[in-house]
Amino acid sequence: MSDPAQAPRVVIADDQMLVRSGFRLILGSAGIPVVAEAADGIQAVAAALKHRPDVMLMDIRMPEMDGLEATRQILASRSGQDMRVIILTTFDLDQYVYAALAAGASGFLLKDVSPEHLIAAVRLVRSGDALLAPSITRRLVERYAGHQPPAADLRADLSALTPREREVLGLIARGLSNAELAAELTLSEATVKTHVARILTKLQLRDRVQAVVLAYETGLVSPGGISQ
């Protein structure tokens, strides 16, 4: 993985040249290099494997291969293990976005995102954080969970978790932040962060987005509350 002190290297995959050009200019103005562009999913996979960027900006709807399949192929590859994928979409609640989150994407952005938000988002996911608020993730998951098979890597065994960790995972899925988790459980934020880190490690998840998806896919949480 590249040095966190350096600017994240980015590949932009979108079939609209104006979108790619605009995002390149915005990121370039912030000192974030765009090392390659792709106009379809096949080009996106090739660019990711060749350039090994820190962050992929991935349009969900592209010719030849859509952004969902491209995301799956990139994150399943050895060189994609440390990459972060941000899905680009024109809709904030889209079943394809949900499927991409289940496949390992770290969040999504609407294409009319402000320059400041785009720059902040790239830096955020590069640091290993999830891009979108847990409450938005939950809303997306509640709408689409169970409508399609879960990604293979999300069929995890929750028996590896302690009772406390299962409780924390359930609260994460309800959309609670670390501060809210700490207040709910009467713990320090540092202790909560330790619990969250252990959950992600034990279940081999990339970030909180996948933790929310997993909680619904395994039935730990159902729309409206905790089911187990």
# chains A, B, ... in the order shown; residues from 1 in each chain; ligands from 1
>>> closest_atom_pairs(of="region 64-83 of chain A", to="region 13-16 of chain A", cutoff="10 Å", atoms="only C-alpha atoms", output="Markdown table")
| residue | atom | partner | partner_atom | distance |
| --- | --- | --- | --- | --- |
| A:Asp66 | CA | A:Asp14 | CA | 10.0 |
| A:Gly67 | CA | A:Ala13 | CA | 8.3 |
| A:Ala70 | CA | A:Ala13 | CA | 9.8 |
>>> write_last_selection(atoms="N, CA, C and O atoms", output="mmCIF file, in the first residue's frame")
data_model
loop_
_atom_site.group_PDB
_atom_site.id
_atom_site.type_symbol
_atom_site.label_atom_id
_atom_site.label_comp_id
_atom_site.auth_asym_id
_atom_site.auth_seq_id
_atom_site.Cartn_x
_atom_site.Cartn_y
_atom_site.Cartn_z
ATOM 1 N N ASP A 66 -20.535 -3.495 -16.593
ATOM 2 C CA ASP A 66 -20.989 -2.434 -15.694
ATOM 3 C C ASP A 66 -20.042 -2.280 -14.507
ATOM 4 O O ASP A 66 -19.146 -3.090 -14.273
ATOM 5 N N GLY A 67 -20.253 -1.194 -13.764
ATOM 6 C CA GLY A 67 -19.365 -0.893 -12.652
ATOM 7 C C GLY A 67 -19.431 -1.907 -11.531
ATOM 8 O O GLY A 67 -18.462 -2.083 -10.788
ATOM 9 N N ALA A 70 -17.171 -4.800 -12.615
ATOM 10 C CA ALA A 70 -15.794 -4.301 -12.580
ATOM 11 C C ALA A 70 -15.297 -4.207 -11.135
ATOM 12 O O ALA A 70 -14.161 -4.576 -10.829
#
>>> residues_around(residues="Val55 (chain A)", least_positions_apart="6", cutoff="9 Å", atoms="only C-alpha atoms", output="tab-separated table (two decimals) with all heavy atoms, in the first residue's frame")
chain	number	residue	atom	x	y	z
A	8	PRO	N	-3.50	10.53	-2.56
A	8	PRO	CA	-4.01	9.29	-3.13
A	8	PRO	C	-3.99	9.31	-4.65
A	8	PRO	O	-4.27	10.34	-5.27
A	8	PRO	CB	-5.45	9.22	-2.60
A	8	PRO	CG	-5.80	10.63	-2.24
A	8	PRO	CD	-4.53	11.28	-1.82
A	9	ARG	N	-3.63	8.20	-5.25
A	9	ARG	CA	-3.64	8.05	-6.70
A	9	ARG	C	-5.00	7.51	-7.11
A	9	ARG	O	-5.52	6.57	-6.52
A	9	ARG	CB	-2.52	7.12	-7.15
A	9	ARG	CG	-1.14	7.63	-6.76
A	9	ARG	CD	-0.06	6.57	-6.88
A	9	ARG	NE	0.12	6.14	-8.26
A	9	ARG	CZ	-0.31	4.98	-8.77
A	9	ARG	NH1	-0.97	4.12	-8.00
A	9	ARG	NH2	-0.09	4.66	-10.03
A	10	VAL	N	-5.58	8.10	-8.16
A	10	VAL	CA	-6.98	7.82	-8.52
A	10	VAL	C	-7.10	7.38	-9.97
A	10	VAL	O	-6.39	7.88	-10.85
A	10	VAL	CB	-7.85	9.08	-8.29
A	10	VAL	CG1	-9.29	8.84	-8.72
A	10	VAL	CG2	-7.80	9.50	-6.82
A	11	VAL	N	-8.01	6.45	-10.23
A	11	VAL	CA	-8.46	6.11	-11.58
A	11	VAL	C	-9.94	6.46	-11.66
A	11	VAL	O	-10.72	6.12	-10.76
A	11	VAL	CB	-8.25	4.62	-11.91
A	11	VAL	CG1	-9.00	4.23	-13.19
A	11	VAL	CG2	-6.76	4.31	-12.08
A	12	ILE	N	-10.34	7.14	-12.73
A	12	ILE	CA	-11.74	7.51	-12.95
A	12	ILE	C	-12.32	6.65	-14.06
A	12	ILE	O	-11.80	6.63	-15.18
A	12	ILE	CB	-11.87	8.99	-13.33
A	12	ILE	CG1	-11.26	9.89	-12.26
A	12	ILE	CG2	-13.34	9.35	-13.54
A	12	ILE	CD1	-11.17	11.36	-12.67
A	83	MET	N	-7.14	-1.46	-2.62
A	83	MET	CA	-7.84	-0.39	-3.33
A	83	MET	C	-9.17	-0.10	-2.66
A	83	MET	O	-9.78	-0.96	-2.03
A	83	MET	CB	-8.10	-0.77	-4.79
A	83	MET	CG	-6.86	-0.80	-5.66
A	83	MET	SD	-7.32	-1.14	-7.38
A	83	MET	CE	-5.81	-1.93	-7.95
A	84	ARG	N	-9.63	1.13	-2.82
A	84	ARG	CA	-10.95	1.52	-2.35
A	84	ARG	C	-11.76	1.99	-3.56
A	84	ARG	O	-11.25	2.75	-4.39
A	84	ARG	CB	-10.85	2.65	-1.31
A	84	ARG	CG	-10.17	2.21	-0.02
A	84	ARG	CD	-11.01	1.21	0.75
A	84	ARG	NE	-10.42	0.80	2.01
A	84	ARG	CZ	-9.67	-0.29	2.17
A	84	ARG	NH1	-9.40	-1.06	1.12
A	84	ARG	NH2	-9.20	-0.62	3.36
A	85	VAL	N	-12.99	1.53	-3.64
A	85	VAL	CA	-13.85	1.87	-4.78
A	85	VAL	C	-15.00	2.75	-4.30
A	85	VAL	O	-15.70	2.42	-3.34
A	85	VAL	CB	-14.43	0.61	-5.45
A	85	VAL	CG1	-15.41	0.99	-6.56
A	85	VAL	CG2	-13.31	-0.26	-6.01
A	86	ILE	N	-15.17	3.89	-4.97
A	86	ILE	CA	-16.32	4.77	-4.74
A	86	ILE	C	-17.22	4.66	-5.96
A	86	ILE	O	-16.78	4.90	-7.09
A	86	ILE	CB	-15.89	6.23	-4.54
A	86	ILE	CG1	-14.98	6.38	-3.32
A	86	ILE	CG2	-17.12	7.13	-4.41
A	86	ILE	CD1	-14.40	7.78	-3.16
A	122	VAL	N	-12.51	11.19	-1.55
A	122	VAL	CA	-11.35	10.42	-2.00
A	122	VAL	C	-10.34	10.26	-0.86
A	122	VAL	O	-9.81	9.18	-0.63
A	122	VAL	CB	-10.70	11.10	-3.23
A	122	VAL	CG1	-9.34	10.48	-3.52
A	122	VAL	CG2	-11.61	10.97	-4.44
A	123	ARG	N	-10.10	11.33	-0.14
A	123	ARG	CA	-9.15	11.26	0.99
A	123	ARG	C	-9.69	10.38	2.11
A	123	ARG	O	-8.94	9.65	2.76
A	123	ARG	CB	-8.86	12.68	1.50
A	123	ARG	CG	-8.00	13.49	0.53
A	123	ARG	CD	-7.82	14.91	0.99
A	123	ARG	NE	-6.84	15.62	0.16
A	123	ARG	CZ	-6.81	16.93	0.00
A	123	ARG	NH1	-7.70	17.69	0.64
A	123	ARG	NH2	-5.90	17.50	-0.77
A	125	VAL	N	-11.90	7.72	2.02
A	125	VAL	CA	-11.88	6.27	1.80
A	125	VAL	C	-10.45	5.75	1.69
A	125	VAL	O	-10.17	4.61	2.03
A	125	VAL	CB	-12.69	5.84	0.55
A	125	VAL	CG1	-14.15	6.22	0.70
A	125	VAL	CG2	-12.11	6.39	-0.73
A	126	ARG	N	-9.55	6.60	1.23
A	126	ARG	CA	-8.14	6.19	1.16
A	126	ARG	C	-7.62	5.88	2.56
A	126	ARG	O	-6.79	4.99	2.75
A	126	ARG	CB	-7.34	7.31	0.53
A	126	ARG	CG	-5.92	6.94	0.08
A	126	ARG	CD	-4.88	6.85	1.18
A	126	ARG	NE	-3.56	6.71	0.63
A	126	ARG	CZ	-2.81	7.74	0.27
A	126	ARG	NH1	-3.25	8.97	0.42
A	126	ARG	NH2	-1.60	7.55	-0.20
>>> select_by_dssp(residues="region 4-199 of chain A", states="strand (DSSP E)", output="list of chain:residue names")
A:Val10, A:Val11, A:Ile12, A:Ala13, A:Val34, A:Val35, A:Ala36, A:Glu37, A:Ala38, A:Val55, A:Met56, A:Leu57, A:Met58, A:Asp59, A:Arg84, A:Val85, A:Ile86, A:Ile87, A:Leu88, A:Thr89, A:Gly107, A:Phe108, A:Leu109, A:Leu110
>>> atom_distance(atom1="CA of Leu109 (chain A)", atom2="CA of Val141 (chain A)")
16.2 Å
>>> closest_residue(among="A:Leu18, A:Val192, A:Ala179, A:Ala102", to="Ala215 (chain A)", atoms="only C-alpha atoms")
A:Ala102
>>> closest_residue(among="A:Lys202, A:Arg174, A:Arg78, A:Arg143", to="Thr162 (chain A)", atoms="only C-alpha atoms")
A:Lys202
>>> residues_around(residues="Glu189 (chain A)", least_positions_apart="4", cutoff="8 Å", atoms="only C-alpha atoms", output="VMD selection string")
chain A and resid 178 to 179 181 to 182 193
>>> write_last_selection(atoms="N, CA and C atoms", output="CSV table (one decimal), in the first residue's frame")
chain,number,residue,atom,x,y,z
A,178,ASN,N,-19.8,6.0,16.4
A,178,ASN,CA,-19.0,5.6,17.5
A,178,ASN,C,-19.3,6.3,18.8
A,179,ALA,N,-19.6,7.6,18.7
A,179,ALA,CA,-20.0,8.4,19.8
A,179,ALA,C,-21.3,7.9,20.4
A,181,LEU,N,-22.6,4.9,19.9
A,181,LEU,CA,-22.4,3.6,20.5
A,181,LEU,C,-21.8,3.7,21.9
A,182,ALA,N,-20.9,4.6,22.1
A,182,ALA,CA,-20.3,4.7,23.4
A,182,ALA,C,-21.3,5.1,24.4
A,193,LYS,N,-14.1,1.8,19.4
A,193,LYS,CA,-13.3,1.7,18.2
A,193,LYS,C,-12.6,0.3,18.2
>>> select_by_dssp(residues="region 7-95 of chain A", states="helix (DSSP H, G or I)", output="PyMOL selection string")
chain A and resi 17-29+41-51+67-76+78-80+95
>>> atom_distance(atom1="CA of Leu27 (chain A)", atom2="CA of His51 (chain A)")
17.1 Å
>>> atom_distance(atom1="CA of Leu49 (chain A)", atom2="CA of Phe23 (chain A)")
20.9 Å
>>> closest_residue(among="A:Glu64, A:Leu203, A:Leu118, A:Thr90", to="Gly22 (chain A)", atoms="only C-alpha atoms")
A:Leu118
